[in-house]
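Engineer: One structure, as C-alpha cells, below. Some questions next.
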Amino acid sequence: MNNPGKVAIIGGGLAGSALAHQCKQNGAYPIIFERENALARAASGNDTGLVSPRISAEMDRYAHYFSIGFQSVVRLFSDITQDGAADVAWNQCGTMHLVVDDRKKKQFEKCVKNWGWDKKDMHILSKEDVSKQAGIALNHDALFLPLSGNISPRKLCAYYARDAQLHLGQDIGDHMLGDLDADIIVLACANGLNNFELARHIPFGAVRGQVTQVRGGQLSASLRCNLNYAGYCTPANEDGLHMIGATFQRWLGHTDIIAQDDLDNIDALRAVAPDMAGGLRIAGHRAGLRCSVRDYFPVVGHLGRIGGKDVYISGGHGSHGIISSHMAARVIIDEIMGREPALPEATLRALSPHRFL
Ligand SMILES: Cc1cc2nc3c(=O)[nH]c(=O)nc-3n(C[C@H](O)[C@H](O)[C@H](O)COP(=O)(O)OP(=O)(O)OC[C@H]3O[C@@H](n4cnc5c(N)ncnc54)[C@H](O)[C@@H]3O)c2cc1C
C-alpha cells in the first residue's frame with residue numbers, strides 16, 4: 001500500500017477539509033491552502049446543513065455514491081461525537097422526505113424497493129404517523145430516514161482540518177502548483193477550479209442559494225425531525241433557531257442577501273406546514289454559491305500530472321456537499337493508496353473528471 005506523503009490541498013471548504021481528515025486517518029500529511037483568512041468562508045460556512053442522501057428511484061451508479069456515502073458519514077459523525085469529542089452540532093433527529101406530489105410518491109416507493117436498505121432505516125409513513133413522529137400536524141405521507149440528521153458544516157470543516165497544516169490567505173494560481181512542496185496535489189476549490197488549466201474543460205457552474213434562520217412560531221418547539229420538501233427545515237437548535245433552506249438560482253453569481261429569498265424560504269415551508277410557519281421571525285440569513293456540473297454529479301478522481309506530481313480533483317458537490325465531500329475524500333485516498341475502492345467501477349467512471357472529454 002502506498003503512503004501518500006505530503007498532500008497539498010487547494011481550498012478550505014468541506015471538500016478540502018474532508019480530504020485533510022482522510023489524509024490524517026491514513027498516515028499522510030495534509031497541507032491546506034485557502035485564499036480567505038479562515039476556513040469555510042464560502043459555500044461551507046452555514047451554521048446548519050441537512051445530512052440526508054439524494055433520493056432516487058433506482059439504485060444506479062449515482063445512487064451508490066449517496067447511499068454508501070450516507071452510511072459512511074453517519075458512522076463517522078456518531079464516532080466523532082461520542083463523549084462530546086467533536087463540537088460539530090450533530091443532531092441525529094431523522095428526516096421526513098414529504099410526499100408533495102404523485103411523482104415523489106412513485107419515486108419514494110421505488111427507492112424503498114430498489115435501494116435495499118433495512119426497513120428500519122428507510123420506510124414510508126402515512127400522514128398520521130408522519131405527524132406523530134414529527135411532533136406537528138402534517139398533511140403528507142413521507143419517506144422517513146431515522147438515521148439522518150443535521151450538522152454544522154462550518155464546525156465540521158474546523159474539526160476535519162484540526163490536524164492539518166494551514167496556509168490561510170493564500171490564493172494559489174495555476175503557475176504555483178508545480179512548485180508546491182508536496183508529493184500529491186488535490187484541487188478542492190469549488191468555483192475556483194476552472195482557473196486551473198487541468199480542470200478548464202469541466203463545465204462547472206455556480207448555483208446561488210440563501211438559507212434563512214428563524215425563531216418563534218406557534219409550533220416551533222414541537223418539531224422533532226428535519227422536514228424535506230421543495231426546501232428543508234430543521235428542528236429548533238439549543239438557541240431556538242431553525243434553518244430553512246434553500247433558494248436555488250442558477251442564473252445568479254453573487255452572495256448579497258436578497259430579502260425576497262427569506263420570504264420564499266418561509267413560503268415553501270408554509271406550503272407543507274402552515275401551522276408551523278405562522279409567527280416565525282427572521283433571525284439571520286446567509287447566501288452562498290454551490291458548485292455544480294450539468295449532470296449534477298460530483299467530479300472526483302485523478303485529473304493529471306503537473307511538475308512530476310499527481311493531481312486529483314474533488315468538486316461539483318452541489319446541494320449534498322456534506323455527504324459528497326466525505327465520500328469524495330474516501331475515493332481519492334483509496335486511489336492514492338492503491339486500495340480496493342468502496343464504490344462500483346461504474347460509479348467511479350461517472351465521477352471521473354475525464355467524463356467530459
Ligand atoms: C445555501 C446553501 C445551502 C446548502 N445546504 C446544504 C445542506 O443542507 N446539506 C448539504 O449537504 N449541503 C448543502 N449545501 C451544499 C454544500 O454547502 C456545498 O456542496 C459544500 O459546501 C461545497 O464544499 P466545497 O469545499 O466544494 O466548496 P466551498 O465551501 O465553496 O470551498 C471552496 C474553497 O476554495 C477556496 N478557493 C477557491 N479558489 C482558491 C484558490 N485558487 N486558492 C486557494 N483557495 C481557493 C474558496 O475560498 C473556498 O473556501 C448548501 C449550499 C448552499 C449554498
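Convention: chains lettered A, B, ... in C-alpha cells order; per-chain residue numbering from 1; ligands numbered from 1 as shown.
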For A:Asp87, work out the shell of residues within 10 Å, counting only C-alpha atoms and skipping chain neighbours fewer than 2 positions away, then give it as a PyMOL selection string.
Structural biologist: chain A and resi 80-81+84-85+89-90+151-152+155-156+158-159
Engineer: Please provide as a list in words all residues within 8 Å of A:Pro30, with the sequence filter that same-chain residues fewer than 2 positions apart are discarded (counting only C-alpha atoms).
Structural biologist: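 That gives Lys6, Val7, Ala8, Ile9, Ala20, Cys23, Lys24, Ala28, Ile32, Ala164 and Gln165 of chain A.
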Engineer: With N, CA and C atoms retained, export the selected residues as a compact mmCIF listing (two decimals), in the first residue's frame.
Structural biologist:
```txt
# COMPACT_ATOMS: atom_id res chain seq x y z
N LYS A 6 3.20 13.97 1.61
CA LYS A 6 2.62 15.32 1.79
C LYS A 6 1.57 15.57 0.73
N VAL A 7 0.37 15.97 1.17
CA VAL A 7 -0.72 16.22 0.23
C VAL A 7 -1.11 17.70 0.31
N ALA A 8 -0.87 18.44 -0.77
CA ALA A 8 -1.27 19.85 -0.82
C ALA A 8 -2.71 19.93 -1.28
N ILE A 9 -3.56 20.58 -0.49
CA ILE A 9 -4.99 20.65 -0.79
C ILE A 9 -5.35 22.11 -1.05
N ALA A 20 -8.43 16.47 4.04
CA ALA A 20 -7.37 16.57 5.05
C ALA A 20 -7.62 15.55 6.16
N CYS A 23 -6.74 12.13 4.94
CA CYS A 23 -5.27 12.01 4.85
C CYS A 23 -4.70 11.65 6.21
N LYS A 24 -5.12 12.41 7.21
CA LYS A 24 -4.60 12.21 8.57
C LYS A 24 -4.91 10.79 9.05
N ALA A 28 -1.04 10.20 6.13
CA ALA A 28 -0.46 11.21 5.22
C ALA A 28 -0.39 12.56 5.95
N ILE A 32 -3.34 22.48 3.84
CA ILE A 32 -4.45 23.18 3.17
C ILE A 32 -4.02 24.60 2.80
N ALA A 164 -4.42 19.52 10.27
CA ALA A 164 -3.73 19.81 9.01
C ALA A 164 -2.87 21.06 9.18
N GLN A 165 -1.84 21.16 8.36
CA GLN A 165 -1.08 22.42 8.32
C GLN A 165 -1.90 23.40 7.48
```
Engineer: Mind pulling up the distance from atom CA of A:Glu34 to atom CA of A:Ile244?
Structural biologist: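 It comes out at 28.2 Å.
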Engineer: Could you make a table, as a Markdown table, of the residues of chain A that have an atom within 7 Å of an atom of ligand 1, each with its nearest atom pair and distance in Å to one decimal, counting only C-alpha atoms and all ligand atoms, in chain and number order?
Structural biologist:
```
| residue | atom | partner | partner_atom_place_in_ligand_line | distance |
| --- | --- | --- | --- | --- |
| A:Ile10 | CA | ligand 1 | 43 (C) | 5.1 |
| A:Gly11 | CA | ligand 1 | 34 (O) | 3.4 |
| A:Gly12 | CA | ligand 1 | 49 (O) | 4.7 |
| A:Gly13 | CA | ligand 1 | 25 (O) | 3.4 |
| A:Leu14 | CA | ligand 1 | 25 (O) | 3.9 |
| A:Ala15 | CA | ligand 1 | 25 (O) | 3.8 |
| A:Gly16 | CA | ligand 1 | 25 (O) | 5.6 |
| A:Phe33 | CA | ligand 1 | 43 (C) | 5.3 |
| A:Glu34 | CA | ligand 1 | 44 (N) | 3.8 |
| A:Arg35 | CA | ligand 1 | 44 (N) | 4.0 |
| A:Glu36 | CA | ligand 1 | 47 (O) | 5.3 |
| A:Leu39 | CA | ligand 1 | 49 (O) | 6.1 |
| A:Ala40 | CA | ligand 1 | 49 (O) | 5.3 |
| A:Arg41 | CA | ligand 1 | 49 (O) | 5.3 |
| A:Ala42 | CA | ligand 1 | 30 (O) | 4.4 |
| A:Ala43 | CA | ligand 1 | 29 (O) | 3.8 |
| A:Ser44 | CA | ligand 1 | 21 (O) | 3.4 |
| A:Gly45 | CA | ligand 1 | 29 (O) | 6.8 |
| A:Thr48 | CA | ligand 1 | 8 (O) | 6.8 |
| A:Gly49 | CA | ligand 1 | 8 (O) | 3.4 |
| A:Leu50 | CA | ligand 1 | 8 (O) | 3.7 |
| A:Val51 | CA | ligand 1 | 11 (O) | 5.6 |
| A:Gln170 | CA | ligand 1 | 43 (C) | 5.7 |
| A:Asp171 | CA | ligand 1 | 42 (N) | 3.8 |
| A:Ile172 | CA | ligand 1 | 42 (N) | 3.9 |
| A:Gly173 | CA | ligand 1 | 41 (N) | 5.5 |
| A:Ala188 | CA | ligand 1 | 26 (O) | 6.0 |
| A:Cys189 | CA | ligand 1 | 34 (O) | 3.4 |
| A:Ala190 | CA | ligand 1 | 26 (O) | 4.5 |
| A:Asn191 | CA | ligand 1 | 37 (C) | 6.3 |
| A:Gly192 | CA | ligand 1 | 38 (N) | 3.9 |
| A:Leu193 | CA | ligand 1 | 38 (N) | 6.6 |
| A:Arg208 | CA | ligand 1 | 53 (C) | 6.0 |
| A:Gly209 | CA | ligand 1 | 1 (C) | 3.9 |
| A:Gln210 | CA | ligand 1 | 1 (C) | 4.2 |
| A:Val211 | CA | ligand 1 | 1 (C) | 5.0 |
| A:Gly245 | CA | ligand 1 | 3 (C) | 6.2 |
| A:Ala246 | CA | ligand 1 | 1 (C) | 5.2 |
| A:Thr247 | CA | ligand 1 | 1 (C) | 6.7 |
| A:Arg286 | CA | ligand 1 | 1 (C) | 6.9 |
| A:Ala287 | CA | ligand 1 | 1 (C) | 5.4 |
| A:Gly288 | CA | ligand 1 | 53 (C) | 3.9 |
| A:Leu289 | CA | ligand 1 | 53 (C) | 4.7 |
| A:Arg290 | CA | ligand 1 | 53 (C) | 4.7 |
| A:Cys291 | CA | ligand 1 | 26 (O) | 6.7 |
| A:Gly315 | CA | ligand 1 | 26 (O) | 5.2 |
| A:Gly316 | CA | ligand 1 | 26 (O) | 6.5 |
| A:His317 | CA | ligand 1 | 19 (O) | 4.3 |
| A:Gly318 | CA | ligand 1 | 19 (O) | 4.5 |
| A:Ser319 | CA | ligand 1 | 15 (C) | 4.0 |
| A:His320 | CA | ligand 1 | 11 (O) | 3.4 |
| A:Gly321 | CA | ligand 1 | 19 (O) | 3.2 |
| A:Ile322 | CA | ligand 1 | 11 (O) | 3.8 |
| A:Ile323 | CA | ligand 1 | 11 (O) | 5.8 |
| A:Ser325 | CA | ligand 1 | 23 (O) | 6.8 |
```
Engineer: Between atom CA of A:Glu345 and atom CA of A:Lys120, what is the distance, to one decimal in Å?
Structural biologist: 28.8 Å
